[in-house]
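Next comes data-v3.tsv, with TSV, C-alpha atoms and all ligand atoms.
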```tsv
chain	number	residue	atom	x	y	z
U	1360	MET	CA	-17.84	12.36	-14.96
U	1361	ALA	CA	-15.77	15.41	-14.14
U	1362	ASP	CA	-17.55	16.13	-10.89
U	1363	GLN	CA	-17.06	12.69	-9.37
U	1364	ALA	CA	-13.82	11.48	-7.86
U	1365	PHE	CA	-12.02	8.67	-6.14
U	1366	VAL	CA	-10.28	10.11	-3.09
U	1367	THR	CA	-7.50	8.77	-0.90
U	1368	LEU	CA	-5.20	10.01	1.85
U	1369	ALA	CA	-1.44	9.62	2.35
U	1370	THR	CA	0.28	11.34	5.25
U	1371	ASN	CA	3.77	9.88	4.78
U	1372	ASP	CA	6.02	8.26	2.18
U	1373	PRO	CA	5.04	4.62	2.78
U	1374	TYR	CA	1.35	5.47	2.40
U	1375	VAL	CA	2.20	7.57	-0.68
U	1376	LYS	CA	3.52	4.37	-2.26
U	1377	GLY	CA	0.20	2.74	-1.43
U	1378	ALA	CA	-1.70	5.67	-2.93
U	1379	LEU	CA	0.40	5.42	-6.11
U	1380	VAL	CA	-0.42	1.73	-6.46
U	1381	LEU	CA	-4.13	2.40	-5.83
U	1382	GLY	CA	-4.21	5.27	-8.36
U	1383	SER	CA	-2.33	3.20	-10.94
U	1384	SER	CA	-4.77	0.33	-10.50
U	1385	LEU	CA	-7.74	2.68	-11.01
U	1386	ARG	CA	-6.13	4.06	-14.20
U	1387	GLN	CA	-5.26	0.58	-15.41
U	1388	HIS	CA	-8.94	-0.31	-15.23
U	1389	ASN	CA	-9.93	2.83	-17.15
U	1390	THR	CA	-11.86	4.76	-14.57
U	1391	THR	CA	-13.72	7.75	-15.98
U	1392	LYS	CA	-13.63	9.51	-12.60
U	1393	LYS	CA	-11.13	12.07	-11.31
U	1394	LEU	CA	-8.44	10.88	-8.89
U	1395	VAL	CA	-7.71	13.01	-5.83
U	1396	VAL	CA	-5.14	12.42	-3.09
U	1397	LEU	CA	-5.09	14.34	0.19
U	1398	VAL	CA	-1.60	15.00	1.61
U	1399	PRO	CA	-0.32	17.10	4.50
U	1400	PRO	CA	2.56	19.53	3.84
U	1401	GLN	CA	5.04	17.07	5.38
U	1402	VAL	CA	4.89	14.92	2.24
U	1403	SER	CA	7.97	15.96	0.26
U	1404	GLU	CA	7.80	18.02	-2.91
U	1405	SER	CA	9.33	15.19	-4.97
U	1406	MET	CA	6.77	12.70	-3.72
U	1407	ARG	CA	4.00	15.16	-4.55
U	1408	LYS	CA	5.39	15.50	-8.09
U	1409	VAL	CA	5.20	11.74	-8.49
U	1410	LEU	CA	1.63	11.77	-7.16
U	1411	HIS	CA	0.77	14.34	-9.84
U	1412	LYS	CA	1.75	11.79	-12.48
U	1413	VAL	CA	-1.05	9.50	-11.36
U	1414	TYR	CA	-3.59	11.77	-9.63
U	1415	ASP	CA	-5.54	14.62	-11.22
U	1416	GLU	CA	-5.39	16.55	-7.99
U	1417	VAL	CA	-2.96	16.51	-5.07
U	1418	ARG	CA	-4.77	18.43	-2.38
U	1419	VAL	CA	-2.65	19.70	0.49
U	1420	VAL	CA	-4.65	19.60	3.67
U	1421	ASP	CA	-2.98	21.71	6.29
U	1422	VAL	CA	-4.20	20.53	9.64
U	1423	LEU	CA	-1.61	22.76	11.25
U	1424	ASP	CA	-3.17	25.95	9.98
U	1425	SER	CA	-4.56	27.77	12.99
U	1426	LYS	CA	-7.40	29.15	10.88
U	1427	ASP	CA	-8.42	25.65	9.99
U	1428	SER	CA	-11.40	24.34	11.90
U	1429	ALA	CA	-9.75	20.93	12.02
U	1430	ASN	CA	-6.91	22.44	13.98
U	1431	LEU	CA	-9.25	23.71	16.65
U	1432	ALA	CA	-10.52	20.20	17.07
U	1433	LEU	CA	-6.97	18.87	17.00
U	1434	MET	CA	-5.94	21.04	19.90
U	1435	LYS	CA	-8.58	19.37	22.04
U	1436	ARG	CA	-7.91	15.86	20.76
U	1437	PRO	CA	-4.36	15.67	19.38
U	1438	GLU	CA	-4.45	11.87	19.16
U	1439	LEU	CA	-7.15	12.06	16.51
U	1440	GLY	CA	-4.95	13.85	13.98
U	1441	ILE	CA	-4.86	11.22	11.27
U	1442	THR	CA	-8.57	10.59	11.65
U	1443	LEU	CA	-9.38	14.26	11.19
U	1444	THR	CA	-7.22	14.34	8.11
U	1445	LYS	CA	-9.38	11.66	6.51
U	1446	LEU	CA	-12.49	13.73	7.30
U	1447	HIS	CA	-11.12	16.44	5.01
U	1448	CYS	CA	-12.51	14.38	2.15
U	1449	TRP	CA	-15.94	15.95	2.88
U	1450	THR	CA	-14.50	19.38	2.01
U	1451	LEU	CA	-14.05	18.50	-1.68
U	1452	THR	CA	-17.30	20.27	-2.53
U	1453	GLU	CA	-16.42	20.82	-6.20
U	1454	TYR	CA	-17.33	17.15	-6.60
U	1455	SER	CA	-20.94	16.04	-6.31
U	1456	LYS	CA	-20.09	12.52	-5.22
U	1457	CYS	CA	-16.90	10.70	-4.20
U	1458	VAL	CA	-15.62	7.29	-3.25
U	1459	PHE	CA	-13.00	7.31	-0.52
U	1460	MET	CA	-10.50	4.47	-0.63
U	1461	ASP	CA	-7.74	3.78	1.89
U	1462	ALA	CA	-4.20	3.97	0.50
U	1463	ASP	CA	-3.78	0.28	1.36
U	1464	THR	CA	-6.44	-0.80	-1.15
U	1465	VAL	CA	-6.08	-1.81	-4.78
U	1466	VAL	CA	-8.74	-2.38	-7.44
U	1467	LEU	CA	-8.86	-5.54	-9.52
U	1468	SER	CA	-11.44	-4.28	-12.01
U	1469	ASN	CA	-13.31	-1.11	-12.94
U	1470	VAL	CA	-15.46	-0.09	-9.97
U	1471	ASP	CA	-17.04	3.09	-11.35
U	1472	GLU	CA	-20.47	1.55	-10.68
U	1473	LEU	CA	-19.89	2.47	-7.01
U	1474	PHE	CA	-20.98	5.99	-7.96
U	1475	GLU	CA	-24.52	4.73	-8.46
U	1476	ARG	CA	-24.72	4.39	-4.66
U	1477	GLU	CA	-25.67	7.08	-2.17
U	1478	GLU	CA	-23.97	8.38	0.98
U	1479	LEU	CA	-23.03	6.54	3.09
U	1480	SER	CA	-22.49	3.24	1.35
U	1481	ALA	CA	-19.80	0.88	2.57
U	1482	ALA	CA	-19.08	-2.80	3.09
U	1483	PRO	CA	-19.35	-4.57	6.45
U	1484	ASP	CA	-16.30	-4.65	8.67
U	1485	PRO	CA	-15.06	-8.24	8.95
U	1486	GLY	CA	-14.47	-7.83	12.71
U	1487	TRP	CA	-17.96	-6.49	13.51
U	1488	PRO	CA	-20.27	-6.72	10.50
U	1489	ASP	CA	-22.90	-4.39	12.02
U	1490	CYS	CA	-20.30	-1.68	11.53
U	1491	PHE	CA	-19.09	-0.66	8.11
U	1492	ASN	CA	-15.41	-0.64	7.27
U	1493	SER	CA	-14.21	2.86	6.46
U	1494	GLY	CA	-11.53	1.72	4.02
U	1495	VAL	CA	-13.95	2.10	1.07
U	1496	PHE	CA	-17.05	4.31	1.19
U	1497	VAL	CA	-19.29	6.34	-1.09
U	1498	TYR	CA	-20.05	9.84	0.19
U	1499	GLN	CA	-21.23	13.29	-0.78
U	1500	PRO	CA	-18.87	16.18	-0.04
U	1501	SER	CA	-20.51	18.81	2.17
U	1502	LEU	CA	-19.07	21.42	4.51
U	1503	LYS	CA	-22.06	20.94	6.79
U	1504	THR	CA	-21.33	17.20	7.15
U	1505	TYR	CA	-17.64	18.00	7.66
U	1506	SER	CA	-18.36	20.41	10.47
U	1507	ASP	CA	-20.96	18.09	12.04
U	1508	LEU	CA	-18.37	15.31	12.03
U	1509	LEU	CA	-15.77	17.58	13.65
U	1510	HIS	CA	-18.30	18.63	16.22
U	1511	LEU	CA	-19.13	15.02	17.05
U	1512	VAL	CA	-15.50	13.96	17.34
U	1513	THR	CA	-14.57	16.82	19.65
U	1514	GLU	CA	-17.62	16.26	21.84
U	1515	LYS	CA	-17.75	12.49	21.93
U	1516	GLY	CA	-14.46	11.21	20.49
U	1517	SER	CA	-14.45	7.98	18.56
U	1518	PHE	CA	-15.08	4.55	20.05
U	1519	ASP	CA	-12.12	3.05	18.19
U	1520	GLY	CA	-9.93	6.12	18.34
U	1521	GLY	CA	-10.08	6.38	14.54
U	1522	ASP	CA	-12.35	7.57	11.76
U	1523	GLN	CA	-14.20	4.27	11.50
U	1524	GLY	CA	-15.66	4.50	15.01
U	1525	LEU	CA	-16.65	8.11	14.47
U	1526	LEU	CA	-18.22	7.49	11.05
U	1527	ASN	CA	-20.19	4.52	12.34
U	1528	THR	CA	-21.55	6.64	15.18
U	1529	PHE	CA	-22.44	9.45	12.77
U	1530	PHE	CA	-24.03	7.21	10.12
U	1531	SER	CA	-25.55	4.99	12.77
U	1532	SER	CA	-28.51	3.74	10.75
U	1533	TRP	CA	-26.21	2.04	8.21
U	1534	ALA	CA	-26.64	-1.44	9.71
U	1535	THR	CA	-30.42	-1.54	9.55
U	1536	LYS	CA	-32.01	1.16	7.43
U	1537	ASP	CA	-31.20	0.68	3.77
U	1538	ILE	CA	-29.68	-2.45	2.29
U	1539	HIS	CA	-28.65	-0.47	-0.84
U	1540	LYS	CA	-26.05	1.21	1.33
U	1541	HIS	CA	-24.42	-2.14	2.05
U	1542	LEU	CA	-21.72	-2.64	-0.54
U	1543	PRO	CA	-21.06	-6.26	-1.41
U	1544	PHE	CA	-18.05	-7.51	0.52
U	1545	VAL	CA	-16.07	-7.96	-2.73
U	1546	TYR	CA	-15.73	-4.15	-2.86
U	1547	ASN	CA	-13.63	-4.22	0.32
U	1548	LEU	CA	-12.19	-7.67	0.67
U	1549	SER	CA	-9.79	-7.57	3.56
U	1550	SER	CA	-7.14	-10.22	3.62
U	1551	ILE	CA	-8.18	-11.00	7.22
U	1552	SER	CA	-11.35	-12.72	5.97
U	1553	ILE	CA	-9.37	-15.17	3.92
U	1554	TYR	CA	-8.51	-17.28	6.91
U	1555	SER	CA	-11.49	-16.32	9.07
U	1556	TYR	CA	-13.80	-17.86	6.43
U	1557	LEU	CA	-11.61	-19.74	3.98
U	1558	PRO	CA	-14.37	-21.77	2.27
U	1559	ALA	CA	-16.24	-18.54	1.43
U	1560	PHE	CA	-13.04	-17.04	0.11
U	1561	LYS	CA	-12.48	-20.11	-2.05
U	1562	ALA	CA	-16.04	-19.91	-3.36
U	1563	PHE	CA	-16.34	-16.16	-3.92
U	1564	GLY	CA	-12.83	-14.69	-3.72
U	1565	GLY	CA	-12.55	-14.88	-7.51
U	1566	ASN	CA	-15.16	-12.06	-7.69
U	1567	ALA	CA	-12.99	-9.69	-5.65
U	1568	LYS	CA	-13.07	-6.14	-6.98
U	1569	VAL	CA	-11.16	-4.31	-4.27
U	1570	VAL	CA	-8.55	-5.82	-1.97
U	1571	HIS	CA	-7.87	-4.06	1.32
U	1572	PHE	CA	-4.59	-4.85	3.10
U	1573	LEU	CA	-6.13	-4.03	6.45
U	1574	GLY	CA	-3.89	-4.44	9.50
U	1575	LYS	CA	-0.48	-3.51	10.68
U	1576	VAL	CA	1.70	-5.18	8.07
U	1577	LYS	CA	1.24	-3.54	4.68
U	1578	PRO	CA	2.42	-4.74	1.26
U	1579	TRP	CA	5.28	-2.21	1.35
U	1580	ASN	CA	6.69	-3.95	4.43
U	1581	TYR	CA	7.63	-6.92	2.26
U	1582	THR	CA	10.35	-7.30	-0.31
U	1583	TYR	CA	9.80	-8.47	-3.83
U	1584	ASP	CA	11.92	-10.63	-6.05
U	1585	CYS	CA	11.47	-9.34	-9.58
U	1586	LYS	CA	13.09	-12.40	-11.13
U	1587	THR	CA	10.63	-14.86	-9.71
U	1588	LYS	CA	7.82	-12.29	-9.35
U	1589	THR	CA	7.26	-13.44	-5.81
U	1590	VAL	CA	6.95	-11.63	-2.53
U	1591	LYS	CA	9.50	-12.59	0.07
U	1592	SER	CA	8.24	-13.07	3.61
U	1593	SER	CA	9.24	-10.23	5.84
U	1594	SER	CA	11.42	-11.17	8.78
U	1595	HIS	CA	8.46	-11.21	11.17
U	1596	ASP	CA	6.09	-13.06	8.92
U	1597	GLN	CA	6.57	-16.74	8.29
U	1598	THR	CA	3.28	-17.17	6.47
U	1599	GLN	CA	1.67	-15.40	3.62
U	1600	THR	CA	-2.05	-15.36	3.94
U	1601	GLU	CA	-2.72	-14.48	0.34
U	1602	PRO	CA	0.48	-14.30	-1.68
U	1603	GLU	CA	-1.44	-13.68	-4.89
U	1604	PHE	CA	-2.82	-10.36	-3.69
U	1605	LEU	CA	0.57	-9.30	-2.38
U	1606	SER	CA	2.14	-10.23	-5.70
U	1607	LEU	CA	-0.50	-8.23	-7.51
U	1608	TRP	CA	0.31	-5.15	-5.41
U	1609	TRP	CA	4.03	-5.60	-5.99
U	1610	ASN	CA	3.57	-6.19	-9.67
U	1611	ILE	CA	1.85	-2.81	-10.03
U	1612	TYR	CA	4.42	-1.20	-7.76
U	1613	SER	CA	7.47	-2.54	-9.59
U	1614	THR	CA	6.17	-2.02	-13.12
U	1615	GLN	CA	4.26	1.25	-12.81
U	1616	VAL	CA	5.24	3.08	-9.64
U	1617	LEU	CA	8.95	2.34	-9.25
U	1618	PRO	CA	9.81	3.78	-12.70
U	1619	LEU	CA	8.08	7.05	-11.67
U	1620	LEU	CA	9.96	7.15	-8.38
U	1621	THR	CA	13.24	6.50	-10.19
U	1622	GLU	CA	12.51	9.17	-12.78
U	1623	HIS	CA	11.95	11.74	-10.03
U	1624	GLY	CA	15.06	10.75	-8.14
U	1625	VAL	CA	13.12	9.44	-5.16
U	1626	VAL	CA	14.79	6.08	-5.76
U	1627	LYS	CA	18.38	6.01	-6.96
U	1628	ASP	CA	18.67	5.91	-10.72
U	1629	THR	CA	19.28	2.50	-12.18
U	1630	ALA	CA	21.34	3.47	-15.20
U	1631	THR	CA	21.13	0.09	-16.84
U	1632	GLY	CA	17.36	0.04	-16.64
U	1633	LEU	CA	15.24	-1.79	-14.15
U	1634	LYS	CA	17.17	-4.99	-13.65
U	1635	ALA	CA	15.57	-7.37	-11.25
U	1636	GLU	CA	18.43	-7.32	-8.73
U	1637	GLU	CA	18.51	-3.58	-8.69
U	1638	ILE	CA	14.79	-3.31	-8.15
U	1639	THR	CA	14.99	-5.77	-5.29
U	1640	GLU	CA	17.87	-3.79	-3.87
U	1641	SER	CA	16.05	-0.48	-4.18
U	1642	VAL	CA	12.97	-1.96	-2.71
U	1643	GLU	CA	14.83	-3.38	0.23
U	1644	HIS	CA	16.47	-0.03	0.65
U	1645	MET	CA	13.09	1.65	0.64
U	1646	SER	CA	11.18	-0.76	2.81
U	1647	ILE	CA	10.23	0.84	6.06
U	1648	ALA	CA	11.54	-0.87	9.15
U	1649	PRO	CA	9.22	-3.63	10.33
U	1650	THR	CA	7.29	-2.31	13.26
U	1651	HIS	CA	7.14	-5.45	15.27
U	1652	PRO	CA	8.29	-4.85	18.80
U	1653	THR	CA	7.86	-7.82	21.08
U	1654	ILE	CA	4.71	-7.18	23.05
U	1655	SER	CA	3.23	-8.96	26.05
U	1656	SER	CA	0.36	-11.37	25.51
U	1657	GLU	CA	-1.93	-9.03	27.53
U	1658	GLU	CA	-1.10	-6.17	25.22
U	1659	ARG	CA	-1.60	-8.37	22.22
U	1660	ARG	CA	-4.98	-9.47	23.49
U	1661	GLU	CA	-5.95	-5.87	24.17
U	1662	ARG	CA	-5.01	-4.91	20.61
U	1663	TRP	CA	-6.93	-7.89	19.25
U	1664	GLU	CA	-10.00	-6.80	21.21
U	1665	GLN	CA	-9.64	-3.29	19.82
U	1666	GLY	CA	-9.69	-4.72	16.33
U	1667	GLN	CA	-5.96	-4.19	15.77
U	1668	VAL	CA	-5.33	-7.69	14.58
U	1669	ASP	CA	-1.84	-8.34	13.30
U	1670	TYR	CA	-3.15	-10.90	10.87
U	1671	MET	CA	0.07	-11.31	8.92
U	1672	GLY	CA	2.38	-11.42	11.93
U	1673	GLU	CA	1.81	-12.32	15.58
U	1674	ASP	CA	-1.88	-13.13	15.05
U	1675	SER	CA	-1.36	-14.97	11.80
U	1676	TYR	CA	-3.40	-18.05	11.14
U	1677	GLU	CA	-0.26	-20.15	11.40
U	1678	ASN	CA	0.47	-18.82	14.90
U	1679	ILE	CA	-3.13	-19.31	16.02
U	1680	ARG	CA	-3.05	-22.86	14.71
U	1681	LYS	CA	0.22	-23.55	16.55
U	1682	LYS	CA	-1.32	-22.25	19.77
U	1683	LEU	CA	-4.46	-24.38	19.30
U	1684	ASP	CA	-2.27	-27.42	18.56
U	1685	SER	CA	-0.32	-26.82	21.75
U	1686	TYR	CA	-3.60	-26.74	23.75
U	1687	LEU	CA	-4.85	-29.91	22.07
U	1688	GLN	CA	-1.65	-31.72	22.89
U	1701	LIG	N1	-3.11	6.79	6.74
U	1701	LIG	C1	-2.05	7.60	6.40
U	1701	LIG	N2	-0.96	7.63	7.21
U	1701	LIG	C2	-0.86	6.86	8.33
U	1701	LIG	C3	-1.93	6.03	8.66
U	1701	LIG	C4	-3.03	6.01	7.84
U	1701	LIG	O1	-2.10	8.30	5.38
U	1701	LIG	O2	0.18	6.93	9.01
U	1701	LIG	C5	-4.32	6.80	5.88
U	1701	LIG	C6	-4.19	5.88	4.66
U	1701	LIG	O3	-5.01	6.33	3.62
U	1701	LIG	C7	-4.69	4.58	5.24
U	1701	LIG	C8	-5.88	5.07	6.07
U	1701	LIG	O4	-5.42	6.32	6.62
U	1701	LIG	O5	-5.02	3.63	4.26
U	1701	LIG	C9	-6.33	4.14	7.18
U	1701	LIG	O6	-5.21	3.57	7.84
U	1701	LIG	P1	-4.82	2.03	7.64
U	1701	LIG	O7	-5.13	1.63	6.25
U	1701	LIG	O8	-3.40	1.86	8.09
U	1701	LIG	O9	-5.80	1.32	8.66
U	1701	LIG	P2	-6.38	-0.18	8.54
U	1701	LIG	O10	-7.20	-0.22	7.30
U	1701	LIG	O11	-5.21	-1.09	8.49
U	1701	LIG	O12	-7.16	-0.31	9.78
U	1702	LIG	C1	-10.33	0.56	10.10
U	1702	LIG	C2	-10.34	0.97	8.65
U	1702	LIG	C3	-9.54	2.17	8.38
U	1702	LIG	C4	-9.72	3.21	9.46
U	1702	LIG	C5	-9.35	2.63	10.81
U	1702	LIG	C6	-9.47	3.65	11.95
U	1702	LIG	O1	-9.68	-0.58	10.39
U	1702	LIG	O2	-9.91	-0.08	7.80
U	1702	LIG	O3	-9.91	2.67	7.13
U	1702	LIG	O4	-8.94	4.34	9.17
U	1702	LIG	O5	-10.19	1.54	11.07
U	1702	LIG	O6	-10.77	3.88	12.38
U	1703	MN	MN	-6.74	0.38	5.40
```
Could you take the file, read its structure, and then write that structure out as structure tokens?
Ligand code: UDP
Ligand code: GLC
Ligand code: MN
Amino acid sequence: MADQAFVTLATNDPYVKGALVLGSSLRQHNTTKKLVVLVPPQVSESMRKVLHKVYDEVRVVDVLDSKDSANLALMKRPELGITLTKLHCWTLTEYSKCVFMDADTVVLSNVDELFEREELSAAPDPGWPDCFNSGVFVYQPSLKTYSDLLHLVTEKGSFDGGDQGLLNTFFSSWATKDIHKHLPFVYNLSSISIYSYLPAFKAFGGNAKVVHFLGKVKPWNYTYDCKTKTVKSSSHDQTQTEPEFLSLWWNIYSTQVLPLLTEHGVVKDTATGLKAEEITESVEHMSIAPTHPTISSEERRERWEQGQVDYMGEDSYENIRKKLDSYLQ
């Protein structure tokens, strides 16, 4: 339907890569919905051109515009910038219904049936299942909702400092009121749940429809070997919680996104075609620096308690197991 859209947000080049993979996966599974990506003006012209190849609409959301109501809110709460950018999705009022998806998600099958749901439908957050995870949600664009959300965030802030805390406060009846608004977990399967409930993952993971690479280390932080079609561990990550999902992301990236980036000169042209070595080289060249400063155990604990679990790095299952083993010994 022309008036329904999947919407995502990408504020910088690494997240643009994620958005391109997400958009390509939606196309690959023949969505009949429009694809919209929200970007701030900082995203380069060439990256926006590439986005146009995959998305029907590349909407520039200028949070720096002083006439923009979001900017007024930003001046009071500058730390909530990224969060407020995501809220812009409610301003897409030319669409009657939308599904927002984080740029670190990828679909494994057609998920157009999500549009049968009403606002606000979402899947439980694996860290606190009475809250929904705001990486995938069904909503109805409305300027009234947008301004009510801005009002709430400027008055009360957000309990997690991000959009998820704010949205859970705003749509506070989600946990109890209407079970139809609870999306099955397979529509937002975060890799974190693989080791927090491995038997369930083994039993039901095959039904996954949307994978969410929630957490600090994203697929684009890894490197990919095109010859073997495997993802190489990043320097800070000795374990791979779910290499199949990472490989899936990289497969889409290397076969569908990288050619577009090369064509538009974002990645250096590989004259002889996309030879495996050259792709690996380009990819390594493009990988963003791993953001893994050594942090104190107090700080790590604090982050864990705030839900910022570094599930592929410091807080990986392997590290937790080692720690438990050391206690047991
Ligand atoms: N995002 C972005 N730029 C950033 C951080 C976040 O565009 O620097 C957008 C992007 O769509 C991303 C979403 O906000 O998927 C939520 O952030 P993230 O996925 O990193 O949070 P997580 O799901 O890991 O908690
Ligand atoms: C969550 C969600 C993400 C959201 C972030 C900030 O972990 O996965 O979509 O942006 O929290 O609230
Ligand atoms: Mn996410």
List every residue of chain U that has an atom at most 6 Å from any atom of ligand LIG 1702 (chain U), and for each one report the closest atom pair and its distance in Å to one decimal, counting all atoms listed in the file, with rows sorted by chain and then by increasing residue number, as JSON lines.
```
{"residue": "U:Asp1461", "atom": "CA", "partner": "U:LIG1702", "partner_atom": "O3", "distance": 5.8}
{"residue": "U:Asn1492", "atom": "CA", "partner": "U:LIG1702", "partner_atom": "C2", "distance": 5.5}
{"residue": "U:Ser1493", "atom": "CA", "partner": "U:LIG1702", "partner_atom": "O3", "distance": 4.4}
{"residue": "U:Gly1494", "atom": "CA", "partner": "U:LIG1702", "partner_atom": "O3", "distance": 3.6}
{"residue": "U:Gly1521", "atom": "CA", "partner": "U:LIG1702", "partner_atom": "O6", "distance": 3.4}
{"residue": "U:Asp1522", "atom": "CA", "partner": "U:LIG1702", "partner_atom": "O6", "distance": 4.1}
{"residue": "U:Gln1523", "atom": "CA", "partner": "U:LIG1702", "partner_atom": "O6", "distance": 3.6}
{"residue": "U:Gly1524", "atom": "CA", "partner": "U:LIG1702", "partner_atom": "O6", "distance": 5.6}
{"residue": "U:Leu1573", "atom": "CA", "partner": "U:LIG1702", "partner_atom": "O2", "distance": 5.6}
```
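CA of His1623 in chain U is positioned 8.2 Å from CA of Met1406 in chain U.
In this comparison, which uses all atoms listed in the file, the residue of U:Lys1588, U:Tyr1498, U:Leu1605, U:Pro1485 approaching Ser1552 in chain U most closely is U:Pro1485.
Restricting the calculation to all atoms listed in the file, the smallest distance between Leu1394 in chain U and any of U:Tyr1505, U:Phe1365, U:Trp1609, U:Phe1496 is found for U:Phe1365.
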Contacts of range 1567-1570 of chain U at 10 Å (all atoms listed in the file; same-chain gap of 6+ positions) as an MDAnalysis selection string:
chainID U and resid 1381 1460 1463:1470 1495 1543:1550 1560 1604:1605 1608
